[in-house]
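Coordinates from protein-v1.tsv are shown below (TSV, C-alpha atoms and all ligand atoms).
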chain	number	residue	atom	x	y	z
A	1	VAL	CA	108.00	-154.64	49.53
A	2	ALA	CA	111.77	-155.29	49.57
A	3	LEU	CA	111.10	-158.40	47.47
A	4	ALA	CA	109.03	-156.36	45.05
A	5	ARG	CA	111.80	-153.79	44.79
A	6	ARG	CA	114.38	-156.46	44.05
A	7	ALA	CA	112.18	-158.16	41.43
A	8	ALA	CA	111.37	-154.84	39.76
A	9	GLN	CA	114.96	-153.63	39.69
A	10	SER	CA	116.18	-156.87	38.15
A	11	ALA	CA	114.06	-156.25	35.04
A	12	GLN	CA	116.05	-154.57	32.26
A	13	THR	CA	113.31	-154.48	29.64
A	14	LEU	CA	109.54	-154.13	29.63
A	15	GLU	CA	109.20	-157.81	28.72
A	16	GLU	CA	111.36	-158.76	31.70
A	17	LEU	CA	109.25	-156.52	33.89
A	18	ARG	CA	106.07	-158.21	32.71
A	19	ALA	CA	107.64	-161.59	33.49
A	20	ALA	CA	108.79	-160.37	36.91
A	21	ILE	CA	105.23	-159.29	37.78
A	22	GLN	CA	103.81	-162.54	36.43
A	23	GLY	CA	106.15	-164.46	38.73
A	24	PHE	CA	105.57	-162.25	41.77
A	25	GLU	CA	103.42	-164.02	44.35
A	26	HIS	CA	103.53	-161.65	47.29
A	27	CYS	CA	100.42	-159.67	46.36
A	28	GLU	CA	97.20	-161.54	47.04
A	29	LEU	CA	95.40	-159.91	44.13
A	30	HIS	CA	96.91	-162.23	41.54
A	31	LYS	CA	94.98	-165.14	43.05
A	32	GLY	CA	91.56	-163.74	42.23
A	33	ALA	CA	92.42	-162.29	38.84
A	34	ARG	CA	92.02	-164.08	35.52
A	35	ASN	CA	94.80	-162.27	33.72
A	36	LEU	CA	97.74	-160.03	34.34
A	37	VAL	CA	97.02	-156.61	32.84
A	38	PHE	CA	100.38	-155.12	31.99
A	39	ALA	CA	100.22	-152.39	29.36
A	40	ASP	CA	98.93	-151.26	26.00
A	41	GLY	CA	99.96	-148.67	23.46
A	42	VAL	CA	103.41	-147.67	22.30
A	43	PRO	CA	106.38	-148.26	24.63
A	44	GLY	CA	108.64	-145.22	24.57
A	45	ALA	CA	105.73	-142.90	23.70
A	46	PRO	CA	106.02	-139.35	25.06
A	47	LEU	CA	102.84	-139.72	27.13
A	48	MET	CA	102.34	-142.47	29.69
A	49	ILE	CA	98.98	-142.79	31.44
A	50	LEU	CA	98.52	-144.70	34.66
A	51	GLY	CA	95.05	-145.85	35.64
A	52	GLU	CA	93.98	-147.62	38.81
A	53	SER	CA	93.16	-151.31	38.63
A	54	PRO	CA	91.77	-153.39	35.80
A	55	ASP	CA	87.99	-153.76	35.63
A	56	ARG	CA	86.09	-156.86	34.53
A	57	ASP	CA	86.69	-156.27	30.81
A	58	GLU	CA	90.40	-155.66	31.29
A	59	ASP	CA	90.74	-158.71	33.55
A	60	ARG	CA	89.19	-160.81	30.78
A	61	ALA	CA	91.23	-159.26	27.96
A	62	GLY	CA	94.56	-158.95	29.78
A	63	LYS	CA	94.83	-155.38	28.47
A	64	PRO	CA	94.25	-152.04	30.19
A	65	PHE	CA	91.39	-149.72	29.32
A	66	VAL	CA	89.37	-151.88	26.95
A	67	GLY	CA	85.96	-151.33	28.62
A	68	ARG	CA	83.71	-148.26	28.77
A	69	ALA	CA	86.25	-146.14	30.63
A	70	GLY	CA	88.77	-147.12	27.97
A	71	GLN	CA	86.44	-146.00	25.19
A	72	MET	CA	86.02	-142.69	26.96
A	73	LEU	CA	89.80	-142.44	27.26
A	74	ASP	CA	90.24	-143.09	23.53
A	75	ARG	CA	87.75	-140.30	22.75
A	76	MET	CA	89.61	-137.93	25.09
A	77	LEU	CA	92.94	-138.75	23.42
A	78	ALA	CA	91.46	-138.40	19.93
A	79	ALA	CA	90.29	-134.90	20.88
A	80	ILE	CA	93.93	-133.86	21.29
A	81	ASP	CA	94.96	-135.84	18.22
A	82	MET	CA	96.64	-138.63	20.17
A	83	GLY	CA	96.02	-142.35	20.46
A	84	ARG	CA	97.34	-145.57	21.93
A	85	ASP	CA	98.07	-146.78	18.38
A	86	ARG	CA	100.52	-143.90	17.86
A	87	ASN	CA	101.87	-141.93	20.78
A	88	VAL	CA	100.46	-143.04	24.12
A	89	TYR	CA	101.47	-145.81	26.50
A	90	LEU	CA	98.97	-147.10	29.08
A	91	SER	CA	99.21	-149.06	32.28
A	92	ASN	CA	97.74	-149.21	35.78
A	93	ILE	CA	99.15	-148.98	39.28
A	94	LEU	CA	97.80	-152.49	39.97
A	95	PRO	CA	98.24	-155.24	37.38
A	96	TRP	CA	95.38	-157.37	38.71
A	97	ARG	CA	91.70	-156.74	39.25
A	98	THR	CA	90.65	-156.38	42.88
A	99	PRO	CA	87.99	-158.85	44.13
A	100	GLN	CA	84.60	-157.66	42.79
A	101	GLY	CA	86.28	-154.44	41.76
A	102	ARG	CA	86.55	-153.16	45.35
A	103	ASP	CA	88.83	-150.24	46.21
A	104	PRO	CA	92.50	-151.17	46.37
A	105	LYS	CA	94.06	-151.36	49.84
A	106	PRO	CA	97.01	-149.15	50.75
A	107	ASP	CA	99.25	-152.18	51.32
A	108	GLU	CA	98.41	-153.58	47.87
A	109	ILE	CA	99.32	-150.26	46.30
A	110	ALA	CA	102.56	-150.03	48.30
A	111	MET	CA	103.53	-153.61	47.43
A	112	MET	CA	103.20	-153.01	43.70
A	113	ARG	CA	104.67	-149.49	43.68
A	114	PRO	CA	108.27	-150.60	42.86
A	115	PHE	CA	106.94	-152.25	39.70
A	116	VAL	CA	105.14	-149.05	38.71
A	117	GLN	CA	108.29	-147.01	39.27
A	118	ARG	CA	110.39	-149.45	37.24
A	119	HIS	CA	107.71	-149.48	34.53
A	120	ILE	CA	108.03	-145.72	34.17
A	121	GLU	CA	111.85	-145.90	34.07
A	122	LEU	CA	111.79	-148.51	31.32
A	123	ALA	CA	109.00	-146.88	29.28
A	124	LYS	CA	110.78	-143.48	29.42
A	125	PRO	CA	107.85	-141.13	28.81
A	126	LYS	CA	108.26	-137.34	28.85
A	127	VAL	CA	104.98	-136.69	30.61
A	128	LEU	CA	102.89	-138.74	33.00
A	129	VAL	CA	99.13	-138.57	33.56
A	130	LEU	CA	97.69	-140.10	36.73
A	131	PHE	CA	94.02	-141.06	36.64
A	132	GLY	CA	92.07	-140.96	39.85
A	133	ASN	CA	92.73	-141.16	43.56
A	134	TRP	CA	94.54	-144.47	43.70
A	135	SER	CA	97.16	-143.72	41.10
A	136	CYS	CA	97.89	-140.47	42.97
A	137	GLN	CA	98.17	-142.54	46.14
A	138	SER	CA	100.73	-144.77	44.44
A	139	LEU	CA	102.98	-142.10	42.97
A	140	LEU	CA	102.33	-138.94	44.97
A	141	GLU	CA	101.29	-140.56	48.25
A	142	LYS	CA	98.31	-138.23	48.32
A	143	ARG	CA	94.86	-138.98	47.14
A	144	SER	CA	92.58	-136.02	46.90
A	145	ILE	CA	92.22	-135.98	43.14
A	146	MET	CA	89.80	-133.05	43.17
A	147	ARG	CA	92.47	-130.89	44.80
A	148	LEU	CA	95.40	-132.33	42.85
A	149	ARG	CA	93.90	-132.29	39.36
A	150	GLY	CA	94.88	-129.50	37.02
A	151	ASN	CA	98.21	-128.84	38.74
A	152	TRP	CA	101.53	-130.01	37.36
A	153	THR	CA	103.62	-131.87	39.86
A	154	LYS	CA	106.69	-134.14	39.82
A	155	ALA	CA	106.59	-137.90	40.07
A	156	ALA	CA	109.43	-140.26	39.17
A	157	ASP	CA	111.35	-137.13	38.06
A	158	LEU	CA	108.77	-136.39	35.39
A	159	SER	CA	106.16	-133.73	34.84
A	160	CYS	CA	102.99	-135.30	36.03
A	161	MET	CA	99.34	-134.26	35.69
A	162	PRO	CA	96.72	-135.79	37.98
A	163	MET	CA	93.32	-136.00	36.26
A	164	VAL	CA	89.90	-137.33	37.14
A	165	HIS	CA	89.43	-140.91	35.97
A	166	PRO	CA	87.54	-141.42	32.69
A	167	GLY	CA	85.27	-143.85	34.59
A	168	TYR	CA	84.34	-140.93	36.85
A	169	LEU	CA	83.53	-138.83	33.78
A	170	LEU	CA	81.06	-141.49	32.63
A	171	ARG	CA	79.16	-141.08	35.90
A	172	ASN	CA	79.72	-137.34	36.25
A	173	PRO	CA	79.72	-135.78	32.79
A	174	GLU	CA	79.74	-132.29	34.31
A	175	ALA	CA	83.40	-132.89	35.24
A	176	LYS	CA	84.31	-133.05	31.54
A	177	ARG	CA	85.01	-129.34	31.51
A	178	GLU	CA	87.89	-129.71	33.98
A	179	ALA	CA	89.15	-132.84	32.23
A	180	TRP	CA	89.25	-130.94	28.95
A	181	ALA	CA	91.27	-128.12	30.50
A	182	ASP	CA	93.72	-130.68	31.92
A	183	LEU	CA	94.04	-132.46	28.57
A	184	LEU	CA	94.87	-129.18	26.83
A	185	SER	CA	97.51	-128.55	29.46
A	186	VAL	CA	99.00	-132.00	28.77
A	187	GLN	CA	98.98	-131.28	25.04
A	188	ALA	CA	100.80	-127.97	25.62
A	189	LYS	CA	103.37	-129.61	27.90
A	190	LEU	CA	104.11	-132.28	25.29
A	191	ARG	CA	104.49	-129.59	22.63
A	192	ASP	CA	106.41	-126.93	24.53
A	193	GLY	CA	108.15	-128.98	27.22
B	201	LIG	N1	90.02	-148.42	34.94
B	201	LIG	C1	91.34	-148.34	35.18
B	201	LIG	O1	91.80	-147.59	36.01
B	201	LIG	N2	92.14	-149.10	34.47
B	201	LIG	C2	91.72	-149.91	33.53
B	201	LIG	O2	92.53	-150.57	32.91
B	201	LIG	C3	90.34	-149.97	33.30
B	201	LIG	C4	89.51	-149.23	34.01
Could you rewrite the structure in this file as structure tokens?
Amino acid sequence: VALARRAAQSAQTLEELRAAIQGFEHCELHKGARNLVFADGVPGAPLMILGESPDRDEDRAGKPFVGRAGQMLDRMLAAIDMGRDRNVYLSNILPWRTPQGRDPKPDEIAMMRPFVQRHIELAKPKVLVLFGNWSCQSLLEKRSIMRLRGNWTKAADLSCMPMVHPGYLLRNPEAKREAWADLLSVQAKLRDG
């Protein structure tokens, strides 16, 4: 993790950070992945969203949130008049797909955490949204999303809203009501500070 911290801190721009992750060989996940999945959307946007790990579609495309969960995310953002083409920046707490999409391991999350923290510093969002248990594990070191969601907290010195993952909403549409309430809260925070 000290090596990860050093590599992350040496990056002064998002491009350098991407290169630092590409060259980082101390996380086993890169071996099984096809592509590095770094980010999508608008760097410097007021809203940064962190997902978990890339799925099969993202691994193939080298971009976050391009599969079904990503389509759900785009619909959620459109509902509050936002989009990755305009005012949202997207990444994940792991830049590589896990083998067969298994759950990430705590040591994998811890190893890549310095890169996530540096990513946030360089992207400079006003508000952070964390999707799902594993992104809460990375930045809040807690992972009970059902208890955390809906409550503003601080991470990386920013206002941060944990939310259920859009992939979860695909399987559990009844949770859309809570997700909608959380999205409105994010919209209000971006508007009113
Ligand atoms: N799920 C995530 O958490 N991230 C992605 O990029 C795709 C699916």
| task | Check which residues fall inside 8 Å of ligand LIG 201 (chain B) when counting all atoms listed in the file, and print them as a list in words. | result | Val37, Leu50, Gly51, Glu52, Ser53, Pro54, Asp55, Asp57, Glu58, Lys63, Pro64, Phe65, Val66, Gly67, Arg68, Ala69, Gly70, Ser91, Asn92, Phe131, Gly132, His165, Pro166 and Gly167 of chain A
Since we have the selection now, will you write its residues out, keeping C-alpha atoms, as a PDB file, in the coordinates of the input?
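Dumped to again-v8.pdb:
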ATOM      1  CA  VAL A  37      97.020-156.610  32.840  1.00  0.00           C
ATOM      2  CA  LEU A  50      98.520-144.700  34.660  1.00  0.00           C
ATOM      3  CA  GLY A  51      95.050-145.850  35.640  1.00  0.00           C
ATOM      4  CA  GLU A  52      93.980-147.620  38.810  1.00  0.00           C
ATOM      5  CA  SER A  53      93.160-151.310  38.630  1.00  0.00           C
ATOM      6  CA  PRO A  54      91.770-153.390  35.800  1.00  0.00           C
ATOM      7  CA  ASP A  55      87.990-153.760  35.630  1.00  0.00           C
ATOM      8  CA  ASP A  57      86.690-156.270  30.810  1.00  0.00           C
ATOM      9  CA  GLU A  58      90.400-155.660  31.290  1.00  0.00           C
ATOM     10  CA  LYS A  63      94.830-155.380  28.470  1.00  0.00           C
ATOM     11  CA  PRO A  64      94.250-152.040  30.190  1.00  0.00           C
ATOM     12  CA  PHE A  65      91.390-149.720  29.320  1.00  0.00           C
ATOM     13  CA  VAL A  66      89.370-151.880  26.950  1.00  0.00           C
ATOM     14  CA  GLY A  67      85.960-151.330  28.620  1.00  0.00           C
ATOM     15  CA  ARG A  68      83.710-148.260  28.770  1.00  0.00           C
ATOM     16  CA  ALA A  69      86.250-146.140  30.630  1.00  0.00           C
ATOM     17  CA  GLY A  70      88.770-147.120  27.970  1.00  0.00           C
ATOM     18  CA  SER A  91      99.210-149.060  32.280  1.00  0.00           C
ATOM     19  CA  ASN A  92      97.740-149.210  35.780  1.00  0.00           C
ATOM     20  CA  PHE A 131      94.020-141.060  36.640  1.00  0.00           C
ATOM     21  CA  GLY A 132      92.070-140.960  39.850  1.00  0.00           C
ATOM     22  CA  HIS A 165      89.430-140.910  35.970  1.00  0.00           C
ATOM     23  CA  PRO A 166      87.540-141.420  32.690  1.00  0.00           C
ATOM     24  CA  GLY A 167      85.270-143.850  34.590  1.00  0.00           C
TER      25      GLY A 167
END
| said: Report as a PyMOL selection string all protein, DNA and RNA residues lying within 8 Å of range 139-155 of chain A, evaluated on only C-alpha atoms, omitting residues in the same chain fewer than 4 positions from it. | reply: chain A and resi 113+132-135+159-164+178+181-182
Just need the box for range 61-76 of chain A, edges along x, y and z, holding every atom the file lists for it with 4 Å tacked onto each side, so centre and edge lengths in Å to one decimal, as JSON.
{"center_x": 89.3, "center_y": -148.6, "center_z": 26.7, "size_x": 19.1, "size_y": 29.3, "size_z": 15.9}
| request: Using CA of Met72 in chain A and CA of Asp59 in chain A as the two end points, give the distance in Å to one decimal. | output: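 Rounded to one decimal, the two atoms are 18.0 Å apart.
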| Pick from A:Val1, A:Ala33, A:Leu158, A:Ile80: nearest to Trp180 in chain A, with only C-alpha atoms counted? | A:Ile80
| query | With distances taken over all atoms listed in the file, which of A:Thr98, A:Asn172, A:Ser138, A:Gln12 is nearest to His30 in chain A? | reply | A:Thr98
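CA of Ala179 in chain A sits 27.4 Å away from CA of Phe115 in chain A.
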| From A:Leu184, A:Leu122, A:Pro99, A:Glu108, residue lying nearest Gly32 in chain A [only C-alpha atoms] |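 Under the stated criterion, the closest residue is A:Pro99.
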Show me a table, sorted first by chain and then by increasing residue number, of the residues of range 114-164 of chain A having an atom at most 12 Å from range 20-25 of chain A, each with its shortest atom pair and the distance in Å to one decimal, counting all atoms listed in the file and written as a tab-separated table.
residue	atom	partner	partner_atom	distance
A:Pro114	CA	A:Ile21	CA	10.5
A:Phe115	CA	A:Ile21	CA	7.5
A:Val116	CA	A:Ile21	CA	10.3
A:Arg118	CA	A:Ala20	CA	11.0
A:His119	CA	A:Ile21	CA	10.6
Could you take the residues named above and write them with C-alpha atoms, as a compact mmCIF listing (two decimals), keeping the file's coordinate frame?
# COMPACT_ATOMS: atom_id res chain seq x y z
CA PRO A 114 108.27 -150.60 42.86
CA PHE A 115 106.94 -152.25 39.70
CA VAL A 116 105.14 -149.05 38.71
CA ARG A 118 110.39 -149.45 37.24
CA HIS A 119 107.71 -149.48 34.53
| said: What does the structure give for the distance between CA of Asp81 in chain A and CA of Ala61 in chain A, in Å to one decimal? | reply: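 We find that CA of Asp81 in chain A and CA of Ala61 in chain A lie 25.6 Å from each other.
Using all atoms listed in the file, the contacts of Thr13 in chain A at a cut-off of 12 Å, with sequence neighbours closer than 4 positions omitted, comprise Ala8, Gln9, Leu17, Arg18, Ala19, Ala20, Pro43, Gly44, Arg118, His119, Ile120, Glu121, Leu122, Ala123 and Lys124 of chain A.
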| Smallest atom-to-atom distance to Leu29 in chain A: which of A:Arg86, A:Lys189, A:Arg177, A:Arg97, using only C-alpha atoms? |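 The shortest atom-to-atom distance to Leu29 in chain A comes from A:Arg97.
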| Expected residue set, 6 Å radius at (97.8, -154.7, 42.6), all atoms listed in the file, as number ranges by chain | A: 29, 94-96, 108-109, 112
Once N, CA and C atoms are restored for range 11-25 of chain A, what would the output be as a PDB file, in the coordinates of the input?
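Once everything was written out, this is selection.pdb:
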ATOM      1  N   ALA A  11     114.561-156.283  36.421  1.00  0.00           N
ATOM      2  CA  ALA A  11     114.060-156.250  35.040  1.00  0.00           C
ATOM      3  C   ALA A  11     114.768-155.151  34.246  1.00  0.00           C
ATOM      4  N   GLN A  12     115.326-155.539  33.100  1.00  0.00           N
ATOM      5  CA  GLN A  12     116.050-154.570  32.260  1.00  0.00           C
ATOM      6  C   GLN A  12     115.255-154.144  31.046  1.00  0.00           C
ATOM      7  N   THR A  13     114.170-154.832  30.775  1.00  0.00           N
ATOM      8  CA  THR A  13     113.310-154.480  29.640  1.00  0.00           C
ATOM      9  C   THR A  13     111.866-154.580  30.094  1.00  0.00           C
ATOM     10  N   LEU A  14     110.961-154.053  29.282  1.00  0.00           N
ATOM     11  CA  LEU A  14     109.540-154.130  29.630  1.00  0.00           C
ATOM     12  C   LEU A  14     109.070-155.591  29.643  1.00  0.00           C
ATOM     13  N   GLU A  15     109.573-156.385  28.727  1.00  0.00           N
ATOM     14  CA  GLU A  15     109.200-157.810  28.720  1.00  0.00           C
ATOM     15  C   GLU A  15     109.657-158.503  30.004  1.00  0.00           C
ATOM     16  N   GLU A  16     110.877-158.171  30.445  1.00  0.00           N
ATOM     17  CA  GLU A  16     111.360-158.760  31.700  1.00  0.00           C
ATOM     18  C   GLU A  16     110.522-158.274  32.882  1.00  0.00           C
ATOM     19  N   LEU A  17     110.080-157.040  32.806  1.00  0.00           N
ATOM     20  CA  LEU A  17     109.250-156.520  33.890  1.00  0.00           C
ATOM     21  C   LEU A  17     107.910-157.254  33.936  1.00  0.00           C
ATOM     22  N   ARG A  18     107.331-157.463  32.760  1.00  0.00           N
ATOM     23  CA  ARG A  18     106.070-158.210  32.710  1.00  0.00           C
ATOM     24  C   ARG A  18     106.264-159.608  33.336  1.00  0.00           C
ATOM     25  N   ALA A  19     107.365-160.255  32.964  1.00  0.00           N
ATOM     26  CA  ALA A  19     107.640-161.590  33.490  1.00  0.00           C
ATOM     27  C   ALA A  19     107.866-161.542  35.004  1.00  0.00           C
ATOM     28  N   ALA A  20     108.525-160.492  35.470  1.00  0.00           N
ATOM     29  CA  ALA A  20     108.790-160.370  36.910  1.00  0.00           C
ATOM     30  C   ALA A  20     107.475-160.205  37.684  1.00  0.00           C
ATOM     31  N   ILE A  21     106.535-159.465  37.107  1.00  0.00           N
ATOM     32  CA  ILE A  21     105.230-159.290  37.780  1.00  0.00           C
ATOM     33  C   ILE A  21     104.458-160.611  37.738  1.00  0.00           C
ATOM     34  N   GLN A  22     104.497-161.253  36.577  1.00  0.00           N
ATOM     35  CA  GLN A  22     103.810-162.540  36.430  1.00  0.00           C
ATOM     36  C   GLN A  22     104.302-163.547  37.487  1.00  0.00           C
ATOM     37  N   GLY A  23     105.582-163.503  37.777  1.00  0.00           N
ATOM     38  CA  GLY A  23     106.150-164.460  38.730  1.00  0.00           C
ATOM     39  C   GLY A  23     106.116-163.990  40.172  1.00  0.00           C
ATOM     40  N   PHE A  24     105.545-162.827  40.422  1.00  0.00           N
ATOM     41  CA  PHE A  24     105.570-162.250  41.770  1.00  0.00           C
ATOM     42  C   PHE A  24     104.346-162.715  42.552  1.00  0.00           C
ATOM     43  N   GLU A  25     104.558-163.394  43.652  1.00  0.00           N
ATOM     44  CA  GLU A  25     103.420-164.020  44.350  1.00  0.00           C
ATOM     45  C   GLU A  25     103.133-163.402  45.708  1.00  0.00           C
TER      46      GLU A  25
END
